[in-house]
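Student: This is the structure, below, for whatever I ask next.
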Amino acid sequence: MSQQLTNIATDNPALFSRLESTDPGVRRIALMDLADGEDETSLPWLQRALQKDEAAVVRRQAAQLLGSWDETTVIRALCYALEDPDEEVRAEAAKSLSKLKNVDSGHVLLPWTRHADPFVRAAALRALRELRLPEASSPALENLRDADPLVRREAVGVLGWLKQERTLTELAQLAISDSDTNVRRAATGALGFARNEDILPALLSALADTAWQVREEAANTLGKLRFHRAANDLIVALSDDYWQVRLQAARSLGKLRSREAVPTLASMLSHAISNLRKETALALGEIGDTSAIPALQVAANDSDSDVRKSVRIALAQLQL
């Protein structure tokens with residue numbers, strides 16, 4: 001037993017007794033009490049429980065508690081826990097790794113992006129995503145071709161956060177052609193850091209995707225990028241079968257200040273879905289075309305208070 005483990009036995013014999021209990025429920029609660037002090041002296045016990053406790057419920061608790069630390073030894077322990085025989089332990093370890101904020105943690109994770117198990121590769125990529133480690137670009141690009149869609153989606157996430165122009169071609173290709181809806185949607189959203197319109201064809205293709213979730217993401221991304229050449233396609237999207245796509249298209253047309261969209265938007269102020277009426281009113285206010293005033297004045301008596309508020313905001317913008 002290490003000196004740190006021995007110190008617990010000496011300084012807190014009651015807690016030590018519970019940590020060594022034959023009852024896994026008692027050991028689990030003891031770990032929680034130990035971690036409450038947020039003292040690094042608890043780390044050896046938590047890592048020991050994660051790696052060696054025979055009860056999955058205890059290992060799972062240790063994996064959760066270790067999410068509060070960024071130490072290299074903890075990250076390595078959590079990475080190895082991704083190989084645990086218990087599915088819930090693996091999931092908890094992946095969740096804890098996703099909370100990492102210290103960019104130096106990324107160097108420990110990089111080798112795990114090439115693990116044989118797709119779950120481990122996906123978890124490592126997810127943990128790398130918000131760290132924005134430049135070295136993560138290469139393994140992320142490699143994993144864009146992975147057979148597992150979850151791995152591809154997490155790889156897209158890494159590249160989206162890194163915002164490297166050189167990866168736009170690969171992301172655009174995925175947005176158009178990946179077989180998985182979630183991957184296409186993630187790739188479409190990741191294109192939101194583009195600085196030129198070279199990726200516009202990919203986004204317009206995504207706006208016509210067979211999956212409404214991808215169309216919704218494309219409408220949102222086009223608004224973020226302020227691509228005015230997309231206005232006509234977004235106006236067409238105002239007639240989409242799914243109101244979620246219509247809503248994002250309305251928001252984006254507001255950002256583009258597309259006067260051509262005003263007649264169609266004005267007609268949507270009577271749509272059955274209140275959220276869509278609300279966003280339509282706000283979009284008309286952003287566009288700033290006074291020809292929308294009569295339709296907004298009618299909508300001022302809408303039955304929904306949120307819609308009426310949005311109409312008031314829009315009319316205030318238009319009547320300045």
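Identifiers for the structure tokens are assigned positionally: chains receive A, B, ... in sequence, residues are indexed from 1 per chain, and ligands are indexed from 1 in the order shown.
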Quick one: residues within 10 Å of A:Ala186, only C-alpha atoms counted, chain neighbours fewer than 3 positions away excluded, as a compact mmCIF listing (two decimals) with N, CA and C atoms, in the first residue's frame?

Tutor:
# COMPACT_ATOMS: atom_id res chain seq x y z
N ARG A 152 -16.88 9.03 -36.59
CA ARG A 152 -16.82 10.09 -37.60
C ARG A 152 -17.44 11.39 -37.06
N ARG A 153 -18.55 11.26 -36.35
CA ARG A 153 -19.21 12.46 -35.81
C ARG A 153 -18.33 13.16 -34.80
N GLU A 154 -17.67 12.41 -33.92
CA GLU A 154 -16.79 13.03 -32.94
C GLU A 154 -15.56 13.64 -33.60
N ALA A 155 -15.08 13.02 -34.67
CA ALA A 155 -13.95 13.59 -35.41
C ALA A 155 -14.35 14.92 -36.04
N VAL A 156 -15.56 14.99 -36.56
CA VAL A 156 -16.07 16.25 -37.10
C VAL A 156 -16.10 17.31 -36.01
N GLY A 157 -16.52 16.92 -34.82
CA GLY A 157 -16.57 17.86 -33.70
C GLY A 157 -15.21 18.46 -33.39
N GLY A 160 -14.39 20.93 -36.13
CA GLY A 160 -15.23 22.12 -36.04
C GLY A 160 -14.72 23.10 -35.01
N LEU A 171 -14.82 18.31 -44.62
CA LEU A 171 -16.08 18.51 -43.93
C LEU A 171 -17.22 18.71 -44.92
N LEU A 174 -18.29 15.41 -46.37
CA LEU A 174 -19.12 14.64 -45.43
C LEU A 174 -20.53 15.20 -45.36
N ALA A 175 -20.65 16.52 -45.36
CA ALA A 175 -21.97 17.15 -45.28
C ALA A 175 -22.86 16.72 -46.45
N THR A 181 -27.07 10.33 -40.97
CA THR A 181 -27.71 11.63 -40.81
C THR A 181 -26.99 12.50 -39.79
N ASN A 182 -26.62 11.93 -38.65
CA ASN A 182 -25.97 12.70 -37.59
C ASN A 182 -24.60 13.22 -38.02
N VAL A 183 -23.90 12.44 -38.82
CA VAL A 183 -22.59 12.89 -39.30
C VAL A 183 -22.78 14.03 -40.29
N GLY A 189 -22.90 21.72 -39.65
CA GLY A 189 -22.70 22.73 -38.61
C GLY A 189 -21.25 23.15 -38.48
N ALA A 190 -20.34 22.19 -38.67
CA ALA A 190 -18.91 22.49 -38.54
C ALA A 190 -18.42 23.44 -39.62
N LEU A 191 -19.14 23.54 -40.72
CA LEU A 191 -18.74 24.45 -41.79
C LEU A 191 -18.97 25.91 -41.43
N GLN A 213 -33.25 17.16 -40.19
CA GLN A 213 -32.27 17.67 -39.23
C GLN A 213 -31.08 18.32 -39.93
N VAL A 214 -30.69 17.73 -41.07
CA VAL A 214 -29.58 18.30 -41.84
C VAL A 214 -30.01 19.60 -42.49
N GLU A 217 -29.95 22.31 -39.92
CA GLU A 217 -28.58 22.75 -39.61
C GLU A 217 -28.02 23.61 -40.73
N ALA A 218 -28.33 23.24 -41.97
CA ALA A 218 -27.84 24.01 -43.11
C ALA A 218 -28.43 25.41 -43.10

Student: Return the single residue from A:Phe119, A:Tyr80, A:Trp69, A:Phe193 that is closest to A:Lys101, with distances computed using only C-alpha atoms.

Tutor: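 Distance minimum relative to A:Lys101 lands on A:Trp69.
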
Student: Do you know which residues are at most 8 Å from A:Ala63 counting only C-alpha atoms, after dropping those on the same chain fewer than 5 positions away, and could you put them as a CSV table (one decimal) with N, CA and C atoms, in the first residue's frame?

Tutor:
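Output saved as part03.csv:
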chain,number,residue,atom,x,y,z
A,46,LEU,N,-9.2,6.8,-5.2
A,46,LEU,CA,-10.2,6.8,-6.3
A,46,LEU,C,-9.6,6.0,-7.5
A,50,LEU,N,-11.1,2.6,-9.2
A,50,LEU,CA,-11.4,2.5,-10.6
A,50,LEU,C,-10.8,1.4,-11.3
A,78,LEU,N,-8.6,7.1,-16.4
A,78,LEU,CA,-9.9,7.1,-17.1
A,78,LEU,C,-9.9,6.6,-18.5
A,81,ALA,N,-10.0,3.0,-18.2
A,81,ALA,CA,-11.4,2.6,-17.8
A,81,ALA,C,-12.3,2.5,-19.0
A,89,VAL,N,-19.5,1.6,-16.6
A,89,VAL,CA,-18.2,2.1,-16.2
A,89,VAL,C,-17.5,2.9,-17.4
A,92,GLU,N,-19.3,6.1,-18.0
A,92,GLU,CA,-19.0,7.2,-17.0
A,92,GLU,C,-17.5,7.7,-17.2
A,93,ALA,N,-16.6,6.8,-17.6
A,93,ALA,CA,-15.2,7.3,-17.8
A,93,ALA,C,-15.2,8.2,-19.0
A,96,SER,N,-16.5,11.6,-17.9
A,96,SER,CA,-15.6,12.4,-17.1
A,96,SER,C,-14.5,13.0,-18.0

Student: Within 12 Å of A:Asp209, counting only C-alpha atoms, which residues show up once you throw out same-chain ones fewer than 2 positions away? Write them as JSON, numbers by chain, please.

Tutor: {"A": [175, 176, 177, 178, 179, 180, 181, 184, 185, 188, 202, 203, 204, 205, 206, 207, 211, 212, 213, 214, 215, 216, 217, 218, 219, 237, 240, 245]}

Student: Compile the contact shell of A:Leu276 as a list in words: residues with an atom at most 9 Å away, counting only C-alpha atoms, same-chain residues fewer than 3 positions apart removed.

Tutor: Trp243, Gln244, Arg246, Leu247, Ala250, Met268, Leu269, His271, Ala272, Ile273, Glu279, Thr280, Ala281 and Val307 of chain A

Student: Set the distance at 7 Å and use only C-alpha atoms: which residues neighbour A:Leu234 once local chain neighbours fewer than 3 positions away are removed? I'd like the list as a PyMOL selection string.

Tutor: chain A and resi 219+230-231+237-238+249+253

Student: Write out the residues from the selection above, keeping C-alpha atoms, as an mmCIF file, in the first residue's frame.

Tutor:
data_model
loop_
_atom_site.group_PDB
_atom_site.id
_atom_site.type_symbol
_atom_site.label_atom_id
_atom_site.label_comp_id
_atom_site.auth_asym_id
_atom_site.auth_seq_id
_atom_site.Cartn_x
_atom_site.Cartn_y
_atom_site.Cartn_z
ATOM 1 C CA ALA A 219 -30.377 26.837 -42.753
ATOM 2 C CA ALA A 230 -28.248 31.648 -50.310
ATOM 3 C CA ALA A 231 -31.280 33.902 -49.841
ATOM 4 C CA ALA A 237 -36.914 26.456 -47.299
ATOM 5 C CA LEU A 238 -39.699 28.559 -45.762
ATOM 6 C CA ALA A 249 -34.679 29.649 -42.532
ATOM 7 C CA LEU A 253 -33.240 35.453 -43.745
#

Student: Give the helix (DSSP H, G or I) residues of stretch 189-225 of chain A, as DSSP finds them on the backbone, and put them as a ChimeraX atom specification.

Tutor: /A:189-193,197-206,212-225

Student: Can you tell me, as a ChimeraX atom specification, what residues are no more than 10 Å from A:Ala292 when counting only C-alpha atoms, ignoring any on the same chain fewer than 5 positions away?

Tutor: /A:259,262-263,265-267,281,284-285,287,297,314-315,318

Student: For a test of reading the model, state the distance in Å between atom CA of A:Pro24 and atom CA of A:Ser42, rounded to one decimal.

Tutor: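 Atom CA of A:Pro24 sits 18.0 Å away from atom CA of A:Ser42.
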
Student: Could you tell me which of A:Ala56, A:Thr72, A:Gln317, A:Leu65 comes closest to A:Pro85 if we count only C-alpha atoms?

Tutor: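 Closest residue, counting only C-alpha atoms: A:Ala56.
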
Student: Measuring atom to atom with only C-alpha atoms, identify which of A:Arg257, A:Ile199, A:Asn220, A:Gly192 is nearest to A:Glu170.

Tutor: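 When distances to A:Glu170 are compared using only C-alpha atoms, the smallest one comes from A:Ile199.
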
Student: Give me, please, the distance in Å between atom CA of A:Pro201 and atom CA of A:Thr167, quoted to one decimal.

Tutor: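 Pair atom CA of A:Pro201 / atom CA of A:Thr167 returns 16.1 Å.
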
Student: What separation in Å, quoted to one decimal, exists between atom CA of A:Ala62 and atom CA of A:Thr22?

Tutor: 16.7 Å

Student: Rank nothing, just name the residue among A:Asp33, A:Glu83, A:Glu135, A:Glu197 nearest to A:Arg226, using only C-alpha atoms.

Tutor: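 Ranked by minimum distance to A:Arg226, first place goes to A:Glu197.
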